[in-house]
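Before any comments, here is the structure.
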Amino acid sequence: TVEGEWGDGAKAEQVPCRAGSAFDSTGLACHECGESEQVSSDGLACECLAGYVREAAPAGSSTGVYSVCVSCVDQGMVVSSRGDVCVRCDNSTGATLAAEATECACPSAAYALVEFGPTGLRLVDGKQCVKCPTIAEDGYWQDTFRDPLDSSKCFECPAVSGADDVAMVYDADRGVCVCPEELDEGVTCEDVTRLEAVLESEFSASLSNRAETSFYDTGSAFGGITELESLLFEEELMPAMRDCWKLGDRTACNKMANLCVLHLYDSNSVACEVYDYMWQARNQIEYHEDELIPAVGWAETLPWLKYVGIPTQYLEREDVPITLSFGAQDYGASKVSDLVLILSVTTLDGEWLGFVPWNLEFQSCGAKTGDEGLWRRFGTNYKATCNINLDDVLAAHATWGEHSDGRPLFFDVYLQTLGGLPAQEWPSKLYPVPVLNLNLRQAGLAVNTDALGSTNDILTRRFFAIDRVSGITTSASQGEEPTPEAVRFLSSVELSFELLTDESGGILPPLLTIEYADREPALTYDSAEPQSFAVQYSVDLNAWWEVYTIAMAIFIAVAGIGWFYALYSYQRRRQSAQMDGEFMLRMMAESATAIGNAFFSLSLFCGAYWFIFFKLQSEVFTMVPVDGEMEPFFIAVTIACICTAIGMLLTVRAQANYDIFFIDWEKPKLTLGAGARKEYAPVSVWRTLLVANEWNELQTLRLTNLSLTLVFTLFILYGLDGKSLAMIQPSTDNVSGHLWVEQSSVLRFAVSAFTMLFLSVVQAVLVFAVYHPYVEHPLEQFVDLLSVANISVIILDEVHTGYYLHGQSLMHSSDTSLLTITNELKKEEEMQVSARGLVPNGERPDLASNQVFEVTITQELRAKYESKLLRRIQEAQMRQREQGGLLAGAQKAGDLPAERTMQAQVEVAGVFKKFVNDVQANPTRFVREKTFTERVINAPADVNFGSPTEVLTHDLDNNFKNVLFYGIEHRFVMLEILIFGAVDLASHNYGLAAFVVWICSNAIAYFHKENSEANISAKTLIGRSFLI
């Protein structure tokens, strides 16, 4: 591999070719040398033996033979200093050729062996021995000697690159080096004009426009396109074309191909046009034609630039010889966790620098120390994005994208498939990685911008990171550091891997997608340059969406059954089949709740599925999809959140509008009034006020503490770094310190949802298992308070059904001293009195002491309640709204109930007392017990519509909590999880999500508190000023 910086003379490690074969860096294959050839010292080429020169193969040579080595010694000559022709030794000057020698010899070291004359022309008679001059130095004459490294040639003008026989002379009028006008017989010369004519004839193409190049979307005044004459293509294209075509020179072929790549593969460019011409002529013999199936068109002597055919025939192959694992990398094992990508690096001039493992390259946004290769861990989605100024972009890409001479480097990407061998092993097993260049041009038009797989898409192999050479124009000032008028650099690099769906741990061929940006350094740009480096691991989701569809159908079906049963129960409790406005509103609430439940369950299922089968697996089963592929999941969360919120608001509205009535069992006491007359004293209202306040406090009491849930959720996510579990990395290892590891919104939802759900369940378990039995049970304490206060409560959440809380005291009077109450309670504790329950003589203790019932009243009783009291209350509310607007509250400090309304309350109390007394007198007629199944499904009382008898059903589960927050805790938890998840999906900010949840939950609680307090005040005729 290449060590150190590019261009430090580093070469590839020893190439594993057998003796007599060189490694062809163009085709990455071993190439056997001919009879008169030997392997070069670097092992990368076949060179002629000493005394031989390379000439173009004669016409009619075998296919694949482009040049041959010819012996100069056999002709009595030696190899020229350039190694391109045979020349004689001029015996007349003392130059001789000894037997078996390969170079002319001079009489002594005082003679220089000269091949070119003073004008730069090769001497006709061959190499001459010229006496080195004697020079004056410090007043003395000294002999000079031949430099063993230099034959004292005089170069008045450098030769055109690749010129065969002669150096050029300078033409002052034209400003170029040209061949001399008069040439001796046998001397040939080839200048630019002649070379152009020869090559145009060879390729049947015009080369006069070879310097034309275009830069796109630069922001220039000419439609964003900058067109210029490039000095690079003007001077260096034709010599490379000539040597590649005539001699099959691999280095020259590489250079010509690189010049085509700089044109973004544009078929209108001369470089690409000639490359295609040569490819057509030479593709009869292909490199690796037995290994690369279908054939990719890797023609001999030419580097592989493009895939032949449509992309899908390569990208859908299942022949990548690698098996992957989510576990830690075990070198020597057959499964691979850490992928190794190899870059084959070539200079612009066609020199192959070797292979290098791909780690930090092309990450212009930078990476933390140790993170540069994190993306190679299979399953770890990595995305680095940033915006930086143009100078910094160019400097970053120049670090890995330019040679030491400032010219671009070119890269071919391979996936190393060595199984579990360490990355340091020689990359002898390589799988080519196709490149989708989004800027690729055909006839000047970008063709790779539509959906991948279309028939006009073209996959390529070679790319570059930065080009600051093509933009130097032919009019650039001579002698000064040239400045490009336009530059081109990578703006986006994305490497994608797709897992096979057969659970074998294999992958489809990787794909590298790149995009360039063109800019003019002379222009001032308003914004920084966007840069992106991403690695994405994915899988075909068709199988998942089938599972998703089935799960959705199941959840919707179950929710539908629940919805149907909820409406059935509602109608049974309502004792009416009429579909009026109230029924439609209830149906809307139940529908929203059912849909919310279904999609909440579906969302949790999605999160759990991907977390379990991606994060908790060591064997490769699936890959978590990126956010762009999970739109149905986002829709599910949104639907669940909206529907749950609607259902919750309608439920809270219903909770704030039930009918409630306090029955005070206290009897008036006989006292002495004025004139010592015996009269009954009014019953004290303070017990009722106490009960009303306690009931009012229960309205928004929750089973769990939201603030505690949110604080611990944020502590787990941030303090304990639980948020790292949402990283797209196939393990639960902590990766939060890594800057660019991508997160999955699905996993973020799963982590936050199950964290909040876990904390809520833990709180609920602690409340039920510890707090309720050993500290206090607020619902049972309220029922106990009713017994002490001698007050019963009737709650009607439907027209004919609701709850009865029996609070009739066993004491003679509750308006008494603390000592009396204490003594009475001790009697109860010592079981000296009967049970508190409505049916104290029941056979079972739990039924005898039960004070909570579900009640179904008759239409007659409901009519009395409405006619005597409820209608008066509703009329008073209407008058108050008319005076104070729709937002006017009920029973403000100065809005006390009318006397006739209070008298009506006393009458209704008598009606309800009679009802309770009838039940106590004949409990077997009125009181029933639910079966186990009825308790599980919370079935309504089995009472026919219009039944003439009231029915009370033992409520051993305190179901009256359904009119309180206490009874809908599970729905609150669900809504809070959904709001948290939805906000986080939109913002990727857990802190913001927690704040929004806190605001929403407290807003609902405030709304409920205000409305339920107003309802209690209105229905019980207790002014709101007494509810504190």
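Chain lettering (A, B, ...) mirrors the order of the structure tokens, residue numbering begins at 1 for each chain separately, and ligand numbering begins at 1 in order of display.
Excluding A:Thr901 itself and any same-chain residue fewer than 6 positions from it, the protein and nucleic acid residues within 12 Å of it, counting only C-alpha atoms, are Glu866, Ser867, Lys868, Leu869, Leu870, Arg871, Arg872, Ile873, Gln874, Glu875, Ala876, Glu907, Val908, Ala1018, Lys1019, Thr1020, Leu1021 and Ile1022 of chain A.
Within 9 Å of A:Ile979, once only C-alpha atoms are used and residues closer than 3 positions along the same chain are dropped, the contacting residues are Thr638, Cys641, Ile642, Ala645, Met974, Leu975, Glu976, Ala982, Val983, Asp984, Ala993, Ala994, Val996, Val997 and Cys1000 of chain A.
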Mind writing the picked residues with all heavy atoms as a compact mmCIF listing (two decimals), in the first residue's frame?
# COMPACT_ATOMS: atom_id res chain seq x y z
N THR A 638 -48.19 10.17 13.58
CA THR A 638 -48.99 11.40 13.49
C THR A 638 -50.47 11.11 13.69
O THR A 638 -51.16 11.80 14.45
CB THR A 638 -48.76 12.07 12.13
OG1 THR A 638 -47.37 12.34 11.95
CG2 THR A 638 -49.52 13.38 12.04
N CYS A 641 -51.13 10.22 17.30
CA CYS A 641 -51.06 11.40 18.18
C CYS A 641 -52.32 12.26 18.04
O CYS A 641 -52.93 12.65 19.05
CB CYS A 641 -49.81 12.21 17.84
SG CYS A 641 -49.52 13.59 18.96
N ILE A 642 -52.73 12.53 16.81
CA ILE A 642 -53.90 13.39 16.59
C ILE A 642 -55.17 12.73 17.12
O ILE A 642 -55.96 13.36 17.84
CB ILE A 642 -54.03 13.72 15.10
CG1 ILE A 642 -52.86 14.60 14.63
CG2 ILE A 642 -55.35 14.43 14.81
CD1 ILE A 642 -52.83 14.85 13.14
N ALA A 645 -55.23 12.51 20.88
CA ALA A 645 -55.48 13.83 21.45
C ALA A 645 -56.97 14.19 21.34
O ALA A 645 -57.57 14.70 22.29
CB ALA A 645 -54.62 14.88 20.76
N MET A 974 -50.22 7.16 27.14
CA MET A 974 -50.15 6.95 25.69
C MET A 974 -50.05 8.28 24.96
O MET A 974 -49.23 8.45 24.04
CB MET A 974 -51.39 6.18 25.23
CG MET A 974 -51.35 5.77 23.76
SD MET A 974 -52.69 4.63 23.35
CE MET A 974 -54.08 5.75 23.39
N LEU A 975 -50.88 9.25 25.33
CA LEU A 975 -50.84 10.55 24.66
C LEU A 975 -49.50 11.24 24.87
O LEU A 975 -48.94 11.82 23.94
CB LEU A 975 -51.98 11.43 25.20
CG LEU A 975 -52.02 12.86 24.64
CD1 LEU A 975 -52.25 12.84 23.13
CD2 LEU A 975 -53.11 13.68 25.33
N GLU A 976 -48.97 11.16 26.09
CA GLU A 976 -47.69 11.82 26.37
C GLU A 976 -46.55 11.16 25.61
O GLU A 976 -45.65 11.84 25.11
CB GLU A 976 -47.44 11.79 27.88
CG GLU A 976 -48.35 12.75 28.64
CD GLU A 976 -48.56 12.37 30.09
OE1 GLU A 976 -47.99 11.35 30.52
OE2 GLU A 976 -49.31 13.09 30.77
N ALA A 982 -43.74 12.44 18.58
CA ALA A 982 -44.03 13.24 17.40
C ALA A 982 -43.17 14.50 17.36
O ALA A 982 -42.62 14.86 16.31
CB ALA A 982 -45.51 13.62 17.37
N VAL A 983 -43.02 15.16 18.50
CA VAL A 983 -42.19 16.37 18.54
C VAL A 983 -40.74 16.02 18.27
O VAL A 983 -40.03 16.72 17.54
CB VAL A 983 -42.34 17.09 19.90
CG1 VAL A 983 -41.36 18.25 20.01
CG2 VAL A 983 -43.76 17.59 20.08
N ASP A 984 -40.28 14.91 18.84
CA ASP A 984 -38.89 14.51 18.60
C ASP A 984 -38.66 14.10 17.16
O ASP A 984 -37.60 14.37 16.60
CB ASP A 984 -38.51 13.37 19.53
CG ASP A 984 -37.08 12.92 19.33
OD1 ASP A 984 -36.17 13.73 19.61
OD2 ASP A 984 -36.87 11.79 18.86
N ALA A 993 -39.11 18.06 23.19
CA ALA A 993 -40.25 17.15 23.26
C ALA A 993 -40.79 17.07 24.69
O ALA A 993 -42.01 17.10 24.91
CB ALA A 993 -39.84 15.76 22.77
N ALA A 994 -39.89 16.98 25.68
CA ALA A 994 -40.33 16.92 27.07
C ALA A 994 -41.05 18.21 27.47
O ALA A 994 -42.08 18.16 28.17
CB ALA A 994 -39.13 16.69 27.99
N VAL A 996 -42.74 20.28 25.50
CA VAL A 996 -44.06 20.31 24.85
C VAL A 996 -45.03 19.38 25.56
O VAL A 996 -46.21 19.72 25.77
CB VAL A 996 -43.93 19.96 23.36
CG1 VAL A 996 -45.30 19.82 22.72
CG2 VAL A 996 -43.12 21.01 22.62
N VAL A 997 -44.56 18.20 25.96
CA VAL A 997 -45.42 17.26 26.68
C VAL A 997 -45.88 17.88 28.00
O VAL A 997 -47.07 17.79 28.36
CB VAL A 997 -44.67 15.94 26.95
CG1 VAL A 997 -45.44 15.07 27.93
CG2 VAL A 997 -44.47 15.18 25.64
N CYS A 1000 -48.52 20.57 27.25
CA CYS A 1000 -49.80 20.01 26.81
C CYS A 1000 -50.53 19.34 27.96
O CYS A 1000 -51.75 19.51 28.14
CB CYS A 1000 -49.58 19.01 25.68
SG CYS A 1000 -49.02 19.76 24.13
Inset, instruction - Going by DSSP on the backbone, which bits of stretch 417-653 of chain A are alpha helix (DSSP H)? Write them as number ranges by chain, please. - result: A: 542-574, 581-610, 631-653
Residues near A:Thr474, cut-off 7 Å, only C-alpha atoms, skip fewer than 5 positions along chain, as a tab-separated table (two decimals) with N, CA, C and O atoms, in the first residue's frame:
chain	number	residue	atom	x	y	z
A	229	GLU	N	-10.59	27.48	-22.83
A	229	GLU	CA	-9.59	26.68	-23.55
A	229	GLU	C	-8.55	26.24	-22.53
A	229	GLU	O	-7.80	27.05	-22.00
A	230	SER	N	-8.49	24.95	-22.26
A	230	SER	CA	-7.63	24.43	-21.21
A	230	SER	C	-6.23	24.15	-21.73
A	230	SER	O	-6.04	23.47	-22.75
A	231	LEU	N	-5.24	24.69	-21.03
A	231	LEU	CA	-3.84	24.44	-21.38
A	231	LEU	C	-3.49	22.97	-21.22
A	231	LEU	O	-2.71	22.42	-22.01
Legend entry - Residue contacts of stretch 768-780 of chain A (9 Å, only C-alpha atoms) excluding same-chain residues fewer than 2 positions away, as a PyMOL selection string: chain A and resi 698+701+763-766+782-785+958+960-961
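Of the residues listed (A:Val87, A:Val70, A:Met587, A:Val539), A:Val539 shows the shortest atom-to-atom separation from A:Val620; distances use only C-alpha atoms.
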Inset, instruction - Find the residues near stretch 515-529 of chain A: any atom within 8 Å, counting only C-alpha atoms, skip ones fewer than 6 places away on the same chain, and give them as a list of chain:residue names. - result: A:Phe215, A:Tyr216, A:Asp217, A:Thr218, A:Gly219, A:Ser220, A:Asn387, A:Ile388, A:Asn389, A:Leu390, A:Val393, A:Asn437, A:Leu438, A:Asn439, A:Pro484, A:Glu485, A:Ala486, A:Val487, A:Arg488, A:Phe489, A:Leu490, A:Ser491, A:Ser492, A:Val493
Could the residues in this selection be written to a file with C-alpha atoms, as a PDB file, in the first residue's frame?
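After the write, out_19.pdb holds the following:
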ATOM      1  CA  PHE A 215     -17.587  24.002 -15.948  1.00  0.00           C
ATOM      2  CA  TYR A 216     -21.241  23.952 -14.913  1.00  0.00           C
ATOM      3  CA  ASP A 217     -23.293  25.850 -12.330  1.00  0.00           C
ATOM      4  CA  THR A 218     -20.405  28.109 -11.419  1.00  0.00           C
ATOM      5  CA  GLY A 219     -22.616  31.135 -10.867  1.00  0.00           C
ATOM      6  CA  SER A 220     -21.069  32.997 -13.785  1.00  0.00           C
ATOM      7  CA  ASN A 387     -20.873  24.184   5.127  1.00  0.00           C
ATOM      8  CA  ILE A 388     -17.382  25.625   4.743  1.00  0.00           C
ATOM      9  CA  ASN A 389     -15.877  28.343   2.630  1.00  0.00           C
ATOM     10  CA  LEU A 390     -14.386  27.632  -0.780  1.00  0.00           C
ATOM     11  CA  VAL A 393     -12.946  23.060   0.729  1.00  0.00           C
ATOM     12  CA  ASN A 437     -21.388  10.183 -11.054  1.00  0.00           C
ATOM     13  CA  LEU A 438     -24.364  12.549 -10.873  1.00  0.00           C
ATOM     14  CA  ASN A 439     -22.468  15.084 -13.016  1.00  0.00           C
ATOM     15  CA  PRO A 484      -7.234  28.406 -12.674  1.00  0.00           C
ATOM     16  CA  GLU A 485     -10.227  30.319 -13.918  1.00  0.00           C
ATOM     17  CA  ALA A 486     -12.497  27.507 -12.697  1.00  0.00           C
ATOM     18  CA  VAL A 487     -12.160  24.604 -10.281  1.00  0.00           C
ATOM     19  CA  ARG A 488     -14.102  21.394  -9.732  1.00  0.00           C
ATOM     20  CA  PHE A 489     -14.340  19.460  -6.471  1.00  0.00           C
ATOM     21  CA  LEU A 490     -16.414  16.804  -4.770  1.00  0.00           C
ATOM     22  CA  SER A 491     -19.415  18.173  -2.912  1.00  0.00           C
ATOM     23  CA  SER A 492     -21.094  14.882  -2.005  1.00  0.00           C
ATOM     24  CA  VAL A 493     -19.850  11.338  -1.516  1.00  0.00           C
TER      25      VAL A 493
END
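Using only C-alpha atoms, the shortest contact distance between A:Ala443 and any of A:Gln832, A:Asn1015, A:Ser214, A:Ser684 is found at A:Ser214.
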Legend entry - Contact residues around A:Asn790 with only C-alpha atoms at 7 Å, ignoring same-chain residues under 6 positions, as a PyMOL selection string: chain A and resi 664-666+807-809+814
Inset, instruction - Go through A:Val936, A:Cys606, A:Val762, A:Leu992 and flag the residue nearest A:Phe633, using only C-alpha atoms for the distances. - result: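 Smallest separation from A:Phe633 among the options: A:Cys606.
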Legend entry - Contacts of A:Phe564 within 10 Å, only C-alpha atoms, excl. fewer than 5 positions in-chain, as a ChimeraX atom specification: /A:558-559,569-570,587,590-591,594
How about saving the chosen residues, N, CA and C atoms kept, as a compact mmCIF listing (two decimals), in the first residue's frame?
# COMPACT_ATOMS: atom_id res chain seq x y z
N VAL A 558 -58.50 -5.36 15.95
CA VAL A 558 -58.71 -5.41 17.41
C VAL A 558 -59.31 -4.10 17.90
N ALA A 559 -58.79 -2.97 17.38
CA ALA A 559 -59.34 -1.67 17.77
C ALA A 559 -60.78 -1.54 17.32
N SER A 569 -71.54 -0.81 24.85
CA SER A 569 -71.61 -0.55 26.29
C SER A 569 -72.22 0.82 26.55
N TYR A 570 -71.86 1.78 25.72
CA TYR A 570 -72.40 3.13 25.90
C TYR A 570 -73.91 3.13 25.74
N MET A 587 -69.59 8.66 19.65
CA MET A 587 -69.05 7.80 18.62
C MET A 587 -67.76 8.38 18.05
N GLU A 590 -65.04 7.73 20.64
CA GLU A 590 -64.62 6.32 20.66
C GLU A 590 -63.87 5.97 19.38
N SER A 591 -64.27 6.54 18.26
CA SER A 591 -63.58 6.28 17.00
C SER A 591 -62.15 6.81 17.05
N ALA A 594 -60.14 4.61 19.35
CA ALA A 594 -59.82 3.31 18.75
C ALA A 594 -58.72 3.43 17.71
Legend entry - Selected residue of minimal separation from A:Ala257 among A:Lys127, A:Lys335, A:Arg844, A:Lys306, counting only C-alpha atoms: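 Going through A:Lys127, A:Lys335, A:Arg844, A:Lys306 one by one, the smallest distance to A:Ala257 is for A:Lys306.
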Legend entry - Between atom CA of A:Pro625 and atom CA of A:Val746, distance in Å (one decimal): 8.4 Å
Each stretch 317-422 of chain A residue no farther than 12 Å from stretch 284-300 of chain A, nearest pair in Å, only C-alpha atoms, as a Markdown table:
| residue | atom | partner | partner_atom | distance |
| --- | --- | --- | --- | --- |
| A:Arg317 | CA | A:Ile293 | CA | 9.6 |
| A:Glu318 | CA | A:Ile293 | CA | 11.5 |
| A:Asp319 | CA | A:Ile293 | CA | 9.5 |
| A:Val320 | CA | A:Leu292 | CA | 11.2 |
